[in-house]
file protein27.txt (compact mmCIF, C-alpha atoms (C1' of nucleotides))
# COMPACT_ATOMS: atom_id res chain seq x y z
CA MET P 12 16.55 -17.50 -22.31
CA PRO P 13 13.94 -18.69 -19.79
CA LYS P 14 12.23 -16.29 -17.47
CA LYS P 15 13.46 -16.52 -13.94
CA ARG P 16 11.67 -16.10 -10.63
CA LEU P 17 13.03 -13.34 -8.42
CA LYS P 18 14.60 -14.66 -5.20
CA ARG P 19 14.86 -13.40 -1.65
CA PRO P 20 17.91 -11.14 -2.01
CA PHE P 21 16.09 -9.01 -4.56
CA TYR P 22 13.43 -8.13 -2.00
CA ASN P 23 15.63 -7.84 1.06
CA ARG P 24 16.92 -4.41 0.12
CA ASP P 25 15.71 -0.91 0.86
CA VAL P 26 12.30 -0.13 -0.58
CA LEU P 27 13.62 2.89 -2.47
CA THR P 28 16.02 0.58 -4.31
CA VAL P 29 13.53 -2.21 -4.94
CA ALA P 30 10.51 -0.11 -5.97
CA PRO P 31 11.95 1.34 -9.20
CA GLU P 32 13.52 -2.01 -10.06
CA LEU P 33 10.06 -3.59 -9.98
CA LEU P 34 9.14 -1.56 -13.05
CA GLY P 35 9.32 -3.76 -16.14
CA LYS P 36 9.37 -6.94 -14.04
CA VAL P 37 6.66 -9.49 -14.73
CA LEU P 38 3.90 -10.30 -12.25
CA VAL P 39 2.79 -13.88 -12.79
CA ARG P 40 -0.53 -15.23 -11.55
CA LYS P 41 -1.52 -18.87 -11.77
CA PHE P 42 -5.27 -19.18 -11.33
CA ASP P 43 -7.13 -22.10 -9.79
CA ASN P 44 -8.04 -23.34 -13.27
CA GLY P 45 -4.36 -23.68 -14.11
CA ILE P 46 -4.17 -20.71 -16.43
CA ILE P 47 -1.04 -18.65 -16.05
CA SER P 48 -1.12 -14.94 -16.88
CA ARG P 49 1.78 -12.53 -17.02
CA PHE P 50 1.69 -8.75 -16.62
CA VAL P 51 4.44 -6.15 -16.81
CA ILE P 52 4.51 -3.88 -13.77
CA GLU P 53 4.12 -0.27 -14.87
CA GLU P 54 3.62 1.82 -11.75
CA VAL P 55 4.51 1.43 -8.07
CA GLU P 56 4.77 3.42 -4.85
CA ALA P 57 7.20 3.00 -1.95
CA TYR P 58 6.15 3.11 1.71
CA ARG P 59 9.09 3.30 4.03
CA GLY P 60 9.18 2.67 7.76
CA GLU P 61 7.38 3.94 10.84
CA GLU P 62 8.61 7.47 10.30
CA ASP P 63 6.85 7.67 6.91
CA LEU P 64 3.45 9.04 7.93
CA ALA P 65 1.92 7.72 4.70
CA CYS P 66 3.03 4.17 5.56
CA HIS P 67 0.58 2.04 7.52
CA ALA P 68 3.46 1.04 9.77
CA SER P 69 3.57 4.60 11.07
CA LYS P 70 0.85 3.39 13.46
CA GLY P 71 3.21 0.73 14.72
CA ARG P 72 3.06 -3.04 14.68
CA THR P 73 -0.57 -4.22 14.50
CA SER P 74 -2.21 -7.35 13.15
CA ARG P 75 -2.64 -5.58 9.83
CA THR P 76 0.90 -4.18 9.51
CA GLU P 77 2.61 -7.23 11.00
CA ILE P 78 3.72 -8.64 7.65
CA MET P 79 5.60 -5.47 6.76
CA TYR P 80 7.96 -6.20 9.64
CA HIS P 81 8.95 -9.50 8.05
CA GLU P 82 11.65 -10.16 5.48
CA GLY P 83 11.13 -9.06 1.89
CA GLY P 84 9.19 -11.01 -0.70
CA LYS P 85 5.98 -11.41 1.30
CA ILE P 86 2.68 -10.00 0.14
CA TYR P 87 0.81 -7.36 2.12
CA VAL P 88 -2.84 -6.98 1.12
CA TYR P 89 -5.51 -4.90 2.78
CA LEU P 90 -8.98 -3.65 1.97
CA VAL P 91 -9.52 0.04 1.44
CA TYR P 92 -12.80 1.98 1.19
CA GLY P 93 -14.65 -1.25 1.83
CA MET P 94 -14.19 -2.41 -1.75
CA TYR P 95 -10.69 -2.63 -3.06
CA TRP P 96 -7.86 -4.96 -2.19
CA MET P 97 -4.44 -3.33 -2.46
CA LEU P 98 -1.50 -5.47 -3.50
CA ASN P 99 1.82 -4.66 -1.83
CA ILE P 100 5.20 -6.35 -1.80
CA VAL P 101 7.17 -6.30 1.43
CA THR P 102 10.81 -5.26 1.12
CA GLY P 103 13.80 -4.78 3.39
CA GLU P 104 15.30 -6.85 6.17
CA ASN P 105 13.37 -8.41 9.00
CA SER P 106 11.91 -5.88 11.49
CA ILE P 107 12.16 -2.98 9.04
CA PRO P 108 8.60 -2.20 7.88
CA GLN P 109 8.50 -1.36 4.20
CA ALA P 110 6.30 -2.21 1.23
CA VAL P 111 5.71 -1.36 -2.40
CA LEU P 112 2.18 -0.77 -3.63
CA ILE P 113 1.61 -2.21 -7.09
CA ARG P 114 -0.38 0.64 -8.52
CA ARG P 115 -0.69 -0.41 -12.15
CA ILE P 116 0.13 -3.38 -14.37
CA GLU P 117 -0.08 -3.83 -18.11
CA GLY P 118 -3.70 -3.86 -19.23
CA PHE P 119 -5.38 -2.57 -16.09
CA SER P 120 -5.47 0.92 -14.66
CA GLY P 121 -5.58 1.39 -10.93
CA PRO P 122 -4.59 -0.71 -7.92
CA GLY P 123 -8.18 -1.72 -7.13
CA LYS P 124 -8.85 -2.89 -10.66
CA LEU P 125 -5.81 -5.09 -10.92
CA THR P 126 -6.52 -7.06 -7.76
CA GLY P 127 -10.09 -7.57 -8.93
CA ASN P 128 -8.98 -8.93 -12.27
CA LEU P 129 -6.28 -11.13 -10.74
CA SER P 130 -8.59 -12.44 -7.99
CA ILE P 131 -6.28 -11.24 -5.25
CA ASP P 132 -7.85 -10.87 -1.83
CA LYS P 133 -7.18 -11.29 1.86
CA SER P 134 -6.13 -14.91 1.34
CA PHE P 135 -2.90 -13.61 -0.21
CA TYR P 136 -1.87 -11.82 2.98
CA GLY P 137 1.57 -13.16 3.90
CA GLU P 138 1.97 -15.15 0.66
CA ASP P 139 5.65 -15.61 -0.20
CA LEU P 140 6.57 -14.56 -3.74
CA VAL P 141 9.73 -16.66 -3.53
CA PHE P 142 7.86 -19.95 -3.05
CA SER P 143 4.18 -19.42 -3.94
CA LYS P 144 2.62 -21.58 -6.62
CA ARG P 145 -0.07 -19.05 -7.48
CA ILE P 146 1.78 -15.74 -7.63
CA TRP P 147 5.36 -14.68 -8.20
CA LEU P 148 7.60 -12.24 -10.07
CA GLU P 149 9.89 -12.98 -12.97
CA ASN P 150 12.91 -11.20 -14.26
CA ASN P 151 12.75 -9.46 -17.53
CA ASN P 152 15.83 -8.77 -19.56
CA GLU P 153 14.80 -5.30 -20.55
CA GLY P 154 16.39 -2.15 -19.28
CA VAL P 155 13.78 0.33 -18.17
CA ASN P 156 13.33 4.08 -18.12
CA PHE P 157 11.15 5.59 -15.43
CA PHE P 158 10.30 8.84 -13.70
CA ALA P 159 9.25 9.63 -10.14
CA THR P 160 6.39 11.75 -8.77
CA SER P 161 4.68 12.19 -5.43
CA ARG P 162 2.41 9.47 -4.06
CA ILE P 163 -1.36 9.42 -4.52
CA GLY P 164 -4.16 9.46 -1.98
CA ILE P 165 -2.14 10.28 1.12
CA ASN P 166 -3.23 13.80 2.00
CA TYR P 167 -3.45 12.73 5.62
CA ALA P 168 0.33 12.27 5.78
CA GLY P 169 1.22 15.96 5.69
CA GLU P 170 3.18 17.99 3.14
CA TYR P 171 6.60 16.58 3.93
CA TRP P 172 5.74 12.94 3.29
CA LYS P 173 3.17 13.70 0.64
CA ASN P 174 5.80 15.42 -1.45
CA LYS P 175 8.34 12.60 -1.38
CA PRO P 176 8.90 11.45 -4.98
CA TRP P 177 8.28 7.83 -4.14
CA ARG P 178 5.88 6.95 -6.91
CA PHE P 179 7.68 5.36 -9.84
CA ILE P 180 6.24 5.12 -13.34
CA LEU P 181 7.51 3.28 -16.38
CA LYS P 182 8.22 5.55 -19.32
C1' DT Z 309 -16.88 16.78 -6.76
C1' DC Z 310 -18.60 12.93 -4.11
C1' DA Z 311 -20.80 8.56 -2.33
C1' DG Z 312 -20.29 3.64 -1.73
C1' DT Z 313 -18.53 0.10 1.46
C1' DG Z 314 -16.58 -2.72 5.35
C1' DA Z 315 -12.02 -3.98 7.69
C1' DT Z 316 -9.17 -1.90 10.99
C1' DT Z 317 -8.03 0.94 14.75
C1' DA Z 318 -8.25 3.79 18.98
C1' DG Z 319 -10.79 4.73 22.84
C1' DG Z 320 -14.52 4.15 26.47
C1' DC G 297 -19.04 -1.69 22.33
C1' DT G 298 -18.77 2.87 19.18
C1' DA G 299 -17.09 6.01 15.78
C1' DA G 300 -13.64 7.61 12.56
C1' DT G 301 -10.77 6.66 8.92
C1' DC G 302 -9.35 5.05 4.48
C1' DA G 303 -2.39 3.79 -0.36
C1' DC G 304 -9.98 3.78 -4.78
C1' DT G 305 -13.27 4.09 -8.47
C1' DG G 306 -16.67 5.71 -11.55
C1' DA G 307 -20.56 8.48 -12.12
C1' DG G 308 -22.27 13.25 -12.88
call {"tool": "encode", "arguments": {"input": "protein27.txt", "output": "structure tokens"}}
result
Amino acid sequence: MPKKRLKRPFYNRDVLTVAPELLGKVLVRKFDNGIISRFVIEEVEAYRGEEDLACHASKGRTSRTEIMYHEGGKIYVYLVYGMYWMLNIVTGENSIPQAVLIRRIEGFSGPGKLTGNLSIDKSFYGEDLVFSKRIWLENNNEGVNFFATSRIGINYAGEYWKNKPWRFILK
DNA sequence: TCAGTGATTAGG
DNA sequence: CTAATCACTGAG
């Protein structure tokens, strides 16, 4: 059975539904030299709406957060600590700002490492996973087991949001 | 535990 | 324009 690219409806749902379902899915990257690499997604985090103080959209609609207000399936990338590009997948309907941080994929540990190895940078901001020729997600026929914990690196968001179990890890 | 590093943001 | 902040990493 051939692998199949995930389509719009998959992404256009609430981030708390999509995030755990991303576990076990395959991130596909086609490099400029034509080589195609596939990686199983192993760890993600959900960021949900303006009310979520850990979500960048809590600061409202800015040039950086703009893409999160679009329909699901778009890529949100940003630079953090001056060195690391973070790869996020926008979810939810239009005008509802949500995204899933891809925190770990098979073979690489850490969100900064994976974007470095996959050559993902600012040029991927707004890229559409449904149509892109250089990055997309494929279905995987496996069932997955996962567990949830609190999100990492968001001490600024306060106890309430910091303690939300919105980090999902493949077992 | 802590510094590196530069885009982004709020504020004057 | 300035200054503060930061969804990380690896060294010690």
call {"tool": "interface_residues", "arguments": {"input": "protein27.txt", "of": "chain P", "to": "chain Z", "cutoff": "12 Å", "atoms": "only C-alpha atoms (C1' of nucleotides)", "output": "MDAnalysis selection string"}}
result
chainID P and resid 67 70:76 88:96 133
call {"tool": "write_last_selection", "arguments": {"input": "protein27.txt", "atoms": "C-alpha atoms", "output": "short mmCIF file (atom, residue, chain, number, x, y, z; two decimals), in the frame of the given file"}}
result
data_model
loop_
_atom_site.label_atom_id
_atom_site.label_comp_id
_atom_site.auth_asym_id
_atom_site.auth_seq_id
_atom_site.Cartn_x
_atom_site.Cartn_y
_atom_site.Cartn_z
CA HIS P 67 0.58 2.04 7.52
CA LYS P 70 0.85 3.39 13.46
CA GLY P 71 3.21 0.73 14.72
CA ARG P 72 3.06 -3.04 14.68
CA THR P 73 -0.57 -4.22 14.50
CA SER P 74 -2.21 -7.35 13.15
CA ARG P 75 -2.64 -5.58 9.83
CA THR P 76 0.90 -4.18 9.51
CA VAL P 88 -2.84 -6.98 1.12
CA TYR P 89 -5.51 -4.90 2.78
CA LEU P 90 -8.98 -3.65 1.97
CA VAL P 91 -9.52 0.04 1.44
CA TYR P 92 -12.80 1.98 1.19
CA GLY P 93 -14.65 -1.25 1.83
CA MET P 94 -14.19 -2.41 -1.75
CA TYR P 95 -10.69 -2.63 -3.06
CA TRP P 96 -7.86 -4.96 -2.19
CA LYS P 133 -7.18 -11.29 1.86
#
call {"tool": "atom_distance", "arguments": {"input": "protein27.txt", "atom1": "CA of Tyr58 in chain P", "atom2": "CA of Ala110 in chain P"}}
result
5.3 Å
call {"tool": "closest_atom_pairs", "arguments": {"input": "protein27.txt", "of": "chain G", "to": "chain P", "cutoff": "8 Å", "atoms": "all atoms listed in the file", "output": "JSON lines"}}
result
{"residue": "G:DC302", "atom": "C1'", "partner": "P:Tyr92", "partner_atom": "CA", "distance": 5.7}
{"residue": "G:DA303", "atom": "C1'", "partner": "P:Gly164", "partner_atom": "CA", "distance": 6.2}
{"residue": "G:DC304", "atom": "C1'", "partner": "P:Gly123", "partner_atom": "CA", "distance": 6.2}
{"residue": "G:DT305", "atom": "C1'", "partner": "P:Gly123", "partner_atom": "CA", "distance": 7.8}
call {"tool": "write_last_selection", "arguments": {"input": "protein27.txt", "atoms": "C-alpha atoms (C1' of nucleotides)", "output": "compact mmCIF listing (two decimals), in the frame of the given file"}}
result
# COMPACT_ATOMS: atom_id res chain seq x y z
C1' DC G 302 -9.35 5.05 4.48
C1' DA G 303 -2.39 3.79 -0.36
C1' DC G 304 -9.98 3.78 -4.78
C1' DT G 305 -13.27 4.09 -8.47
call {"tool": "atom_distance", "arguments": {"input": "protein27.txt", "atom1": "CA of Thr160 in chain P", "atom2": "CA of Trp172 in chain P"}}
result
12.1 Å
call {"tool": "atom_distance", "arguments": {"input": "protein27.txt", "atom1": "CA of Lys36 in chain P", "atom2": "CA of Ile116 in chain P"}}
result
9.9 Å
